[in-house]
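**Student:** Next comes model.txt, compact mmCIF, C-alpha atoms:
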```
# COMPACT_ATOMS: atom_id res chain seq x y z
CA MET T 60 -15.92 -15.20 -36.06
CA PRO T 61 -15.68 -11.43 -36.60
CA PHE T 62 -18.07 -9.76 -39.02
CA LEU T 63 -16.04 -8.40 -41.92
CA GLY T 64 -18.84 -7.09 -44.14
CA GLN T 65 -19.98 -3.52 -44.69
CA ASP T 66 -21.41 -1.85 -41.59
CA TRP T 67 -25.19 -2.33 -41.85
CA ARG T 68 -25.82 0.89 -39.94
CA SER T 69 -24.44 3.03 -42.81
CA PRO T 70 -22.93 6.32 -41.59
CA GLY T 71 -25.23 9.30 -41.55
CA TRP T 72 -28.49 7.59 -40.57
CA SER T 73 -30.50 9.21 -37.80
CA TRP T 74 -33.60 7.82 -36.13
CA ILE T 75 -36.64 9.32 -34.45
CA LYS T 76 -38.97 7.63 -31.98
CA THR T 77 -42.64 7.53 -32.98
CA GLU T 78 -45.75 5.82 -31.62
CA ASP T 79 -45.19 3.01 -34.11
CA GLY T 80 -41.54 2.55 -33.09
CA TRP T 81 -38.22 3.91 -34.34
CA LYS T 82 -38.18 5.34 -37.87
CA ARG T 83 -35.27 6.51 -39.91
CA CYS T 84 -34.93 10.15 -41.00
CA ASP T 85 -34.38 10.07 -44.74
CA SER T 86 -33.46 13.70 -45.33
CA LEU T 87 -29.69 13.13 -45.34
CA SER T 88 -29.81 9.71 -46.95
CA GLN T 89 -31.99 11.03 -49.80
CA GLU T 90 -29.45 13.77 -50.41
CA LEU T 91 -26.70 11.18 -50.79
CA GLU T 92 -28.89 9.00 -53.03
CA ARG T 93 -29.54 11.96 -55.32
CA GLU T 94 -25.81 12.62 -55.43
CA ASN T 95 -25.11 8.99 -56.27
CA SER T 96 -27.86 8.83 -58.90
CA GLN T 97 -26.06 11.49 -60.91
CA CYS T 98 -22.99 9.27 -61.07
CA THR T 99 -24.71 5.86 -61.42
CA VAL T 100 -24.71 4.14 -64.83
CA THR T 101 -26.15 0.86 -65.99
CA HIS T 102 -23.38 -0.05 -68.39
CA GLY T 103 -20.43 -2.28 -67.59
CA LEU T 104 -17.88 0.35 -68.61
CA ILE T 105 -17.65 4.09 -67.98
CA LEU T 106 -15.72 6.56 -70.11
CA ASN T 107 -14.39 9.77 -68.58
CA SER T 108 -13.34 12.96 -70.36
CA GLU T 109 -9.86 11.59 -71.02
CA ASP T 110 -11.22 8.26 -72.42
CA GLU T 111 -9.93 6.32 -69.41
CA ILE T 112 -11.90 3.14 -68.64
CA PHE T 113 -13.17 2.26 -65.16
CA SER T 114 -15.01 -0.88 -64.13
CA ASN T 115 -18.21 -0.92 -62.10
CA GLU T 116 -16.25 -2.11 -59.08
CA GLU T 117 -13.96 0.93 -59.26
CA CYS T 118 -16.93 3.23 -59.69
CA GLU T 119 -18.57 1.72 -56.59
CA TYR T 120 -15.36 2.24 -54.63
CA ALA T 121 -15.22 5.90 -55.74
CA SER T 122 -18.85 6.33 -54.69
CA LYS T 123 -18.14 4.93 -51.22
CA LYS T 124 -15.10 7.15 -50.88
CA ARG T 125 -17.17 10.17 -51.88
CA LYS T 126 -19.71 9.29 -49.17
CA LYS T 127 -16.94 9.02 -46.58
CA ASP T 128 -15.44 12.36 -47.64
CA HIS T 129 -18.88 13.93 -47.51
CA PHE T 130 -19.21 13.15 -43.79
CA ARG T 131 -15.55 13.68 -42.96
CA ASN T 132 -15.07 17.06 -44.62
CA ASP T 133 -18.39 18.68 -43.83
CA THR T 134 -17.18 20.25 -40.60
CA ASN T 135 -20.25 22.45 -40.30
CA ALA T 136 -22.60 19.47 -40.30
CA GLN T 137 -24.11 18.89 -36.89
CA SER T 138 -23.53 15.53 -35.22
CA PHE T 139 -25.88 16.24 -32.33
CA TYR T 140 -28.59 13.86 -31.20
CA ARG T 141 -30.51 16.80 -29.67
CA GLU T 142 -31.57 14.71 -26.70
CA LYS T 143 -32.71 16.20 -23.42
CA TRP T 144 -31.34 13.38 -21.25
CA ILE T 145 -28.85 10.49 -21.22
CA TYR T 146 -28.29 7.49 -18.94
CA VAL T 147 -24.95 7.70 -17.13
CA HIS T 148 -23.63 4.18 -16.61
CA LYS T 149 -20.07 3.58 -15.44
CA GLU T 150 -19.90 -0.19 -15.80
CA SER T 151 -21.31 -2.99 -17.94
CA THR T 152 -24.48 -4.74 -16.84
CA ARG T 153 -26.60 -7.48 -18.33
CA GLU T 154 -28.87 -4.86 -19.88
CA ARG T 155 -26.20 -2.33 -20.90
CA HIS T 156 -22.72 -2.99 -22.22
CA GLY T 157 -19.89 -0.48 -22.03
CA TYR T 158 -20.00 2.84 -20.20
CA CYS T 159 -20.90 6.47 -20.88
CA THR T 160 -17.96 8.76 -21.63
CA LEU T 161 -17.56 12.53 -21.49
CA GLY T 162 -17.45 12.69 -25.28
CA GLU T 163 -20.66 10.67 -25.63
CA ALA T 164 -22.46 12.93 -23.15
CA PHE T 165 -21.26 16.02 -25.00
CA ASN T 166 -22.47 14.56 -28.31
CA ARG T 167 -25.91 13.51 -27.16
CA LEU T 168 -26.99 16.35 -24.86
CA ASP T 169 -28.37 19.34 -26.73
CA PHE T 170 -25.68 21.95 -26.11
CA SER T 171 -26.29 23.52 -29.52
CA SER T 172 -29.74 24.73 -28.46
CA ALA T 173 -28.67 25.42 -24.87
CA ILE T 174 -26.45 28.34 -25.92
CA GLN T 175 -29.51 30.07 -27.35
CA ASP T 176 -31.07 30.11 -23.87
CA ILE T 177 -29.77 33.07 -21.88
CA ARG T 178 -30.17 31.08 -18.64
CA ARG T 179 -27.87 28.29 -19.87
CA PHE T 180 -25.35 30.28 -21.89
CA THR T 181 -22.89 30.98 -19.06
CA TYR T 182 -23.17 27.39 -17.87
CA VAL T 183 -22.22 25.97 -21.29
CA VAL T 184 -19.33 28.42 -21.67
CA LYS T 185 -17.91 27.44 -18.28
CA LEU T 186 -18.24 23.76 -19.18
CA LEU T 187 -16.38 24.30 -22.46
CA GLN T 188 -13.67 26.14 -20.56
CA LEU T 189 -13.14 23.26 -18.13
CA ILE T 190 -12.98 20.79 -21.04
CA ALA T 191 -10.44 23.03 -22.78
CA LYS T 192 -8.22 23.09 -19.69
CA SER T 193 -8.01 19.39 -18.91
CA GLN T 194 -10.32 17.12 -20.92
CA LEU T 195 -9.81 18.10 -24.56
CA THR T 196 -7.70 15.05 -25.44
CA SER T 197 -10.22 12.68 -23.85
CA LEU T 198 -12.89 13.61 -26.42
CA SER T 199 -13.47 11.38 -29.41
CA GLY T 200 -13.10 12.71 -32.95
CA VAL T 201 -16.85 13.35 -33.31
CA ALA T 202 -17.01 14.97 -29.87
CA GLN T 203 -14.11 17.27 -30.78
CA LYS T 204 -15.91 18.23 -33.98
CA ASN T 205 -19.08 19.01 -32.03
CA TYR T 206 -17.06 20.92 -29.43
CA PHE T 207 -15.66 23.30 -32.03
CA ASN T 208 -19.03 23.58 -33.80
CA VAL T 209 -20.66 24.69 -30.54
CA LEU T 210 -17.76 27.06 -29.90
CA ASP T 211 -18.15 28.53 -33.38
CA LYS T 212 -21.85 29.19 -32.69
CA ILE T 213 -20.97 30.86 -29.39
CA VAL T 214 -18.41 33.16 -31.01
CA GLN T 215 -20.81 34.13 -33.80
CA LYS T 216 -23.54 34.81 -31.24
CA VAL T 217 -21.24 37.12 -29.27
CA LEU T 218 -20.16 38.93 -32.44
CA ASP T 219 -23.81 39.44 -33.42
CA ASP T 220 -25.38 40.52 -30.12
CA HIS T 221 -22.24 41.92 -28.37
CA GLN T 222 -23.06 40.18 -25.09
CA ASN T 223 -20.62 38.35 -22.77
CA PRO T 224 -17.43 39.00 -24.80
CA ARG T 225 -15.25 38.76 -21.67
CA LEU T 226 -16.42 35.20 -20.93
CA ILE T 227 -15.59 34.06 -24.45
CA LYS T 228 -12.21 35.78 -24.44
CA ASP T 229 -11.25 33.88 -21.27
CA LEU T 230 -12.45 30.61 -22.82
CA LEU T 231 -10.49 31.15 -26.05
CA GLN T 232 -7.38 32.15 -24.08
CA ASP T 233 -7.44 28.88 -22.12
CA LEU T 234 -8.19 26.89 -25.28
CA SER T 235 -5.37 28.46 -27.29
CA SER T 236 -2.91 27.80 -24.45
CA THR T 237 -3.96 24.14 -24.30
CA LEU T 238 -3.68 23.75 -28.09
CA CYS T 239 -0.19 25.30 -28.09
CA ILE T 240 0.96 22.87 -25.39
CA LEU T 241 -0.52 19.88 -27.24
CA ILE T 242 1.01 20.85 -30.58
CA ARG T 243 4.45 21.57 -29.11
CA GLY T 244 4.41 18.33 -27.14
CA VAL T 245 3.14 16.14 -29.99
CA GLY T 246 4.15 12.56 -29.31
CA LYS T 247 4.08 13.03 -25.54
CA SER T 248 0.27 12.78 -25.43
CA VAL T 249 -2.23 10.87 -27.52
CA LEU T 250 -4.03 13.18 -29.95
CA VAL T 251 -7.16 12.00 -31.74
CA GLY T 252 -6.71 13.10 -35.33
CA ASN T 253 -3.90 14.37 -37.52
CA ILE T 254 -1.54 17.02 -36.16
CA ASN T 255 -2.51 19.27 -39.08
CA ILE T 256 -6.11 19.25 -37.85
CA TRP T 257 -4.99 20.54 -34.46
CA ILE T 258 -2.88 23.24 -36.11
CA CYS T 259 -5.92 24.34 -38.16
CA ARG T 260 -7.98 24.45 -34.97
CA LEU T 261 -5.38 26.64 -33.29
CA GLU T 262 -5.42 29.00 -36.28
CA THR T 263 -9.21 29.12 -36.09
CA VAL T 264 -9.10 29.97 -32.37
CA LEU T 265 -6.53 32.70 -33.00
CA GLY T 266 -8.80 34.10 -35.71
CA TRP T 267 -11.73 34.16 -33.27
CA GLN T 268 -9.59 35.97 -30.71
CA GLN T 269 -8.68 38.60 -33.29
CA GLN T 270 -12.34 39.10 -34.22
CA LEU T 271 -13.30 39.60 -30.58
CA GLN T 272 -10.35 41.93 -30.07
CA ASN T 273 -11.61 44.10 -32.95
CA LEU T 274 -15.21 43.99 -31.71
CA GLN T 275 -16.66 47.49 -31.50
CA MET T 276 -19.64 48.02 -29.21
CA THR T 277 -22.29 50.00 -31.05
CA LYS T 278 -23.89 52.83 -29.11
CA HIS T 279 -27.66 52.51 -29.10
CA VAL T 280 -29.49 55.77 -29.67
CA ASN T 281 -32.53 55.75 -27.43
CA SER T 282 -34.63 58.76 -26.54
CA GLY T 283 -36.43 56.92 -23.75
CA LEU T 284 -35.45 56.14 -20.17
CA THR T 285 -31.80 55.14 -19.70
CA LEU T 286 -29.81 53.65 -16.86
CA SER T 287 -28.53 57.08 -15.85
CA ASP T 288 -32.09 58.30 -15.28
CA LEU T 289 -32.73 55.82 -12.47
CA PRO T 290 -32.56 56.98 -8.83
CA LEU T 291 -29.36 56.35 -6.89
CA HIS T 292 -30.89 53.73 -4.61
CA MET T 293 -32.06 51.70 -7.63
CA LEU T 294 -28.61 51.89 -9.24
CA ASN T 295 -27.10 50.79 -5.95
CA ASN T 296 -29.51 47.83 -5.77
CA ILE T 297 -28.47 46.78 -9.28
CA LEU T 298 -24.80 46.75 -8.28
CA TYR T 299 -25.56 44.68 -5.18
CA ARG T 300 -27.19 42.04 -7.40
CA PHE T 301 -23.92 41.27 -9.20
CA SER T 302 -21.89 38.27 -8.08
CA ASP T 303 -18.89 38.95 -10.35
CA GLY T 304 -16.46 41.72 -9.48
CA TRP T 305 -15.55 42.35 -13.10
CA ASP T 306 -19.19 43.10 -13.91
CA ILE T 307 -19.18 45.77 -11.19
CA VAL T 308 -15.98 47.30 -12.56
CA THR T 309 -17.35 47.30 -16.11
CA LEU T 310 -20.64 48.91 -15.10
CA GLY T 311 -18.73 51.54 -13.12
CA GLN T 312 -17.08 52.69 -16.36
CA VAL T 313 -20.40 53.75 -17.90
CA THR T 314 -20.99 57.01 -16.02
CA PRO T 315 -19.23 58.97 -13.25
CA THR T 316 -22.17 58.29 -10.92
CA LEU T 317 -21.92 54.54 -11.42
CA TYR T 318 -18.17 54.73 -10.88
CA VAL T 319 -18.65 56.31 -7.46
CA LEU T 320 -21.24 53.68 -6.52
CA SER T 321 -19.00 50.85 -7.78
CA GLU T 322 -16.17 51.96 -5.45
CA ASP T 323 -18.32 51.57 -2.34
CA ARG T 324 -16.36 49.64 0.31
CA GLN T 325 -19.51 48.05 1.70
CA LEU T 326 -20.37 46.67 -1.76
CA TRP T 327 -17.01 44.91 -2.08
CA LYS T 328 -17.18 43.70 1.53
CA LYS T 329 -20.52 41.99 0.81
CA LEU T 330 -19.04 40.45 -2.34
CA CYS T 331 -16.03 39.08 -0.44
CA GLN T 332 -18.25 37.65 2.30
CA TYR T 333 -20.43 35.96 -0.31
CA HIS T 334 -17.58 34.20 -2.11
CA PHE T 335 -14.97 33.57 0.59
CA ALA T 336 -14.75 32.35 4.18
CA GLU T 337 -13.52 34.45 7.09
CA GLN T 338 -10.40 32.28 7.50
CA GLN T 339 -9.43 33.14 3.95
CA PHE T 340 -9.72 36.86 4.75
CA CYS T 341 -7.22 36.56 7.58
CA ARG T 342 -4.58 35.01 5.33
CA HIS T 343 -4.70 37.79 2.74
CA LEU T 344 -5.55 41.00 4.60
CA ILE T 345 -4.83 44.18 2.65
CA LEU T 346 -4.90 47.42 4.65
CA SER T 347 -4.87 51.00 3.43
CA GLU T 348 -2.63 53.74 4.81
CA LYS T 349 -5.41 54.69 7.21
CA GLY T 350 -5.73 51.13 8.48
CA HIS T 351 -8.96 50.31 6.64
CA ILE T 352 -9.42 47.00 4.81
CA GLU T 353 -9.23 47.37 1.02
CA TRP T 354 -12.14 45.09 0.16
CA LYS T 355 -11.89 45.60 -3.59
CA LEU T 356 -8.23 44.59 -3.70
CA MET T 357 -9.03 41.78 -1.28
CA TYR T 358 -11.62 40.37 -3.68
CA PHE T 359 -9.31 40.21 -6.68
CA THR T 360 -6.46 38.86 -4.54
CA LEU T 361 -8.58 36.11 -3.01
CA GLN T 362 -9.92 35.26 -6.47
CA LYS T 363 -6.41 34.19 -7.47
CA TYR T 364 -6.11 31.71 -4.59
CA TYR T 365 -9.65 30.39 -4.05
CA PRO T 366 -12.53 29.51 -6.36
CA THR T 367 -15.55 31.81 -6.31
CA LYS T 368 -19.12 30.62 -5.97
CA GLU T 369 -20.76 29.85 -9.28
CA GLN T 370 -24.17 31.21 -10.21
CA TYR T 371 -26.13 29.98 -13.23
CA GLY T 372 -29.65 30.65 -14.40
CA ASP T 373 -30.09 26.99 -15.31
CA THR T 374 -27.93 23.87 -15.26
CA LEU T 375 -28.04 20.22 -16.14
CA HIS T 376 -29.66 18.04 -13.49
CA PHE T 377 -28.79 14.54 -12.32
CA CYS T 378 -31.45 12.10 -11.11
CA ARG T 379 -29.99 9.95 -8.33
CA HIS T 380 -32.84 7.45 -8.68
CA CYS T 381 -32.46 6.83 -12.44
CA SER T 382 -28.78 7.84 -12.92
CA ILE T 383 -29.92 10.12 -15.73
CA LEU T 384 -28.36 13.44 -16.71
CA PHE T 385 -30.86 15.82 -18.29
CA TRP T 386 -31.92 19.35 -19.17
CA LYS T 387 -34.98 20.31 -17.15
CA ASP T 388 -37.65 22.01 -19.24
CA TYR T 389 -39.40 24.31 -16.81
CA HIS T 390 -42.26 25.07 -19.20
CA LEU T 391 -43.15 21.39 -19.57
CA ALA T 392 -42.60 20.81 -15.85
CA TRP T 393 -45.13 23.50 -14.98
CA LEU T 394 -47.72 22.68 -17.64
CA PHE T 395 -47.59 18.89 -17.81
CA LYS T 396 -45.74 17.90 -14.62
CA ASP T 397 -42.92 16.61 -16.83
CA SER T 398 -39.65 16.04 -14.96
CA GLY T 399 -37.52 16.24 -18.14
CA HIS T 400 -36.80 12.49 -18.32
CA PRO T 401 -38.71 9.21 -17.83
CA CYS T 402 -38.34 9.05 -14.04
CA THR T 403 -39.88 6.13 -12.14
CA ALA T 404 -39.54 7.64 -8.66
CA ALA T 405 -42.66 8.43 -6.64
CA ASP T 406 -41.38 11.96 -5.96
CA PRO T 407 -39.01 12.82 -8.85
CA ASP T 408 -38.16 16.34 -7.69
CA SER T 409 -36.60 15.01 -4.49
CA CYS T 410 -34.11 12.97 -6.54
CA PHE T 411 -32.83 15.85 -8.68
CA THR T 412 -29.43 17.43 -8.08
CA PRO T 413 -28.14 20.46 -10.02
CA VAL T 414 -24.92 19.60 -11.81
CA SER T 415 -22.17 22.22 -11.79
CA PRO T 416 -19.67 22.25 -14.69
CA GLN T 417 -17.01 20.62 -12.50
CA HIS T 418 -19.50 18.00 -11.30
CA PHE T 419 -20.29 17.25 -14.95
CA ILE T 420 -16.61 16.54 -15.62
CA ASP T 421 -16.29 14.43 -12.45
CA LEU T 422 -19.27 12.25 -13.44
CA PHE T 423 -17.21 10.72 -16.24
CA LYS T 424 -13.94 10.15 -14.37
CA PHE T 425 -13.35 6.45 -13.80
```
What would you get if you wrote out this structure as C-alpha cells?
**Tutor:**
Amino acid sequence: MPFLGQDWRSPGWSWIKTEDGWKRCDSLSQELERENSQCTVTHGLILNSEDEIFSNEECEYASKKRKKDHFRNDTNAQSFYREKWIYVHKESTRERHGYCTLGEAFNRLDFSSAIQDIRRFTYVVKLLQLIAKSQLTSLSGVAQKNYFNVLDKIVQKVLDDHQNPRLIKDLLQDLSSTLCILIRGVGKSVLVGNINIWICRLETVLGWQQQLQNLQMTKHVNSGLTLSDLPLHMLNNILYRFSDGWDIVTLGQVTPTLYVLSEDRQLWKKLCQYHFAEQQFCRHLILSEKGHIEWKLMYFTLQKYYPTKEQYGDTLHFCRHCSILFWKDYHLAWLFKDSGHPCTAADPDSCFTPVSPQHFIDLFKF
C-alpha cells in the first residue's frame, strides 16, 4: 500500500557525517521555525486585518505553502551537497537501487568551489558548455537551478577579475542558441519546468552577454617590470607554451614586438602538429603565393573540422576499482596520502583515470 502521508524527510534538511553518525544541520530549519513562530497562534481562530476568519487547518496549510514557496522561489539558494566524490552506478543491485544520472552528479559534486580554483576553472566551463549543447533538457529541475547558479558565479567572477571573458562568451553563445531552439520548439521536446521559466533564463543569459560585451579592461598602472621588458627569447618561450591559437593572437595585440613574434610560421607549425595529425594536414593544405604553407590559416581551418587537444590544470578523476568519480585534492594526497575518496585498492593511483568533459557526459549515457 503506498504511503500517502507527509514526506518524513521534510524539504531543506541537510546532514553531515560525524564520528557519532549522521547529524542534521539545523541552520536552515531553525530559520524556517523562527519564521513560522511569528505566524503561530494558540487560539482556535485567527483574525486578519480585514476581520476575515481562518481556522487552524487553513493556517497550517498557508504555513506549508509558505515553506514550499521559500524553497521554490529562492533561486540564489545553493542546492549543492559539496561532496568531493560520488559512486557512479548504472544499474540496480541488491545494495543500491536506481542509477546515477548526469543531473545527480552535477548536484552532488562541488562545482561551486571548483570554479574558484584556477586549475579547474576552464574544465568546469567546458563541461557547462557541453551540457548546454546537448544535455540541458536531461537535467532535473534542481540540477538546472544549480547549473544556472554556477553559471551566475562564473559570470560574476569574470566581471570582477576580467579573466577568461572569451571562454564565457562562447559558453553563453552556445547556451542562448540552445535556449532559443527549445523555446521555439516547445512541445517537440520535454522541458522540465514552465515555459516562462525558460524564457526568463534566456533573458538572463542575454543580460549576461550584454554585460560581457560592455566589459572594459582596466589598464593597470605598474612602475615595475612589465612583459615588454623581458628579453625576446623569453617572450618567444611564453608564446610556445600556449596551446590555444586565440591566446597567441590576443597576446600579439599587446605590443608590436609581440605581434611580430606571434606571426612566426614555426610557432604555428608546432601548434598544428600538436593538435592535428599529418593526414589531416594533407586534406586542408593552404599555400601562399610563394608556395609556402600558411600554418596560421591552416590551424584555424583545421579547427573547424577536427577537435583540438584539451589541456586542463586539473580534472575530475574516475576510479576504475571503486567506480567512483571524484575531485583529487593534491594537498591532502601529498600530506596524508589521501586519494580523494575511500578507495579499497592496494595501489589506488594505478586505478585513477582523468575524466575529460566529454568523458564525464559519456559516463551517464545509458
**Student:** Could you tell me which of T:Cys410, T:Ile213, T:Leu161, T:Val147 comes closest to T:Ile177 if we count only C-alpha atoms?
**Tutor:**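 Under the stated criterion, the closest residue is T:Ile213.
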**Student:** List the spatial neighbours of stretch 256-261 of chain T as a ChimeraX atom specification - criterion: any atom at most 7 Å away, only C-alpha atoms, same-chain residues fewer than 4 positions off excluded.
**Tutor:** /T:235,238,252,265
**Student:** Would you list the contacts of T:Leu274 as a list in words, taking every protein, DNA or RNA residue within 9 Å and counting all atoms listed in the file, but skipping same-chain residues closer than 2 positions in sequence?
**Tutor:**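 Returned residues: Leu218, His221, Pro224, Gln269, Gln270, Leu271, Gln272 and Met276 of chain T.
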**Student:** Give me the residues within 9 Å of T:Gln325 as a ChimeraX atom specification, counting only C-alpha atoms and dropping any in the same chain fewer than 4 places off.
**Tutor:** /T:329-330,354
**Student:** List as a ChimeraX atom specification the residues having at least one atom at most 10 Å from position (-17.6, 12.4, -13.9) as given in the file, counting all atoms listed in the file.
**Tutor:** /T:147,149,159-161,417-425
**Student:** Distance atom CA of T:Asp406-atom CA of T:Cys378, one decimal place?
**Tutor:**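 One can read the atom CA of T:Asp406 to atom CA of T:Cys378 distance as 11.2 Å.
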**Student:** Could you work out how far atom CA of T:Gln268 lies from atom CA of T:Leu195, giving the answer in Å with one decimal?
**Tutor:**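 So the answer is 18.9 Å.
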**Student:** Could you please determine the separation between atom CA of T:Leu234 and atom CA of T:Val308 in Å, to one decimal place?
**Tutor:**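 Taking atom CA of T:Leu234 as the start and atom CA of T:Val308 as the end point, the length is 25.3 Å.
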**Student:** Between T:Leu346, T:Thr360, T:Lys387, T:Asp303, which residue has the minimum interatomic distance to T:Arg225, considering only C-alpha atoms?
**Tutor:**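 Residue with the minimum atom-to-atom distance to T:Arg225: T:Asp303.
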**Student:** Hey, which of T:Asn205, T:Thr285, T:Glu348, T:Leu294 ends up closest to T:Tyr318? Count all atoms listed in the file.
**Tutor:**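 Counting all atoms listed in the file, the residue closest to T:Tyr318 is T:Leu294.
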**Student:** Please provide the set of residues having any atom within 12 Å of T:Leu210, restricted to all atoms listed in the file, with same-chain residues fewer than 6 positions apart removed, written as number ranges by chain.
**Tutor:** T: 135, 170-171, 174, 180, 183-188, 190-191, 203-204, 216-217, 227-228, 230-231, 234, 260, 263-264, 267
**Student:** Can you pull out every residue within 9 Å of T:Glu322, counting only C-alpha atoms, but drop anything in the same chain fewer than 6 positions away, and send it as JSON, numbers by chain?
**Tutor:** {"T": [307, 308, 311, 355]}
**Student:** Could you list as a list in words every residue that has an atom within 10 Å of (-8.7, 43.2, 2.5), using the file's coordinates and counting all atoms listed in the file?
**Tutor:**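 Returned residue set, sorted by chain then number, is Trp327, Lys328, Cys331, Phe340, Cys341, Arg342, His343, Leu344, Ile345, Leu346, Ser347, His351, Ile352, Glu353, Trp354, Lys355, Leu356, Met357, Tyr358, Phe359, Thr360 and Leu361 of chain T.
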**Student:** Counting all atoms listed in the file, figure out which residue out of T:Ser287, T:Gln232, T:Thr403, T:Ser199 gets nearest to T:Pro315.
**Tutor:**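 Going through T:Ser287, T:Gln232, T:Thr403, T:Ser199 one by one, the smallest distance to T:Pro315 is for T:Ser287.
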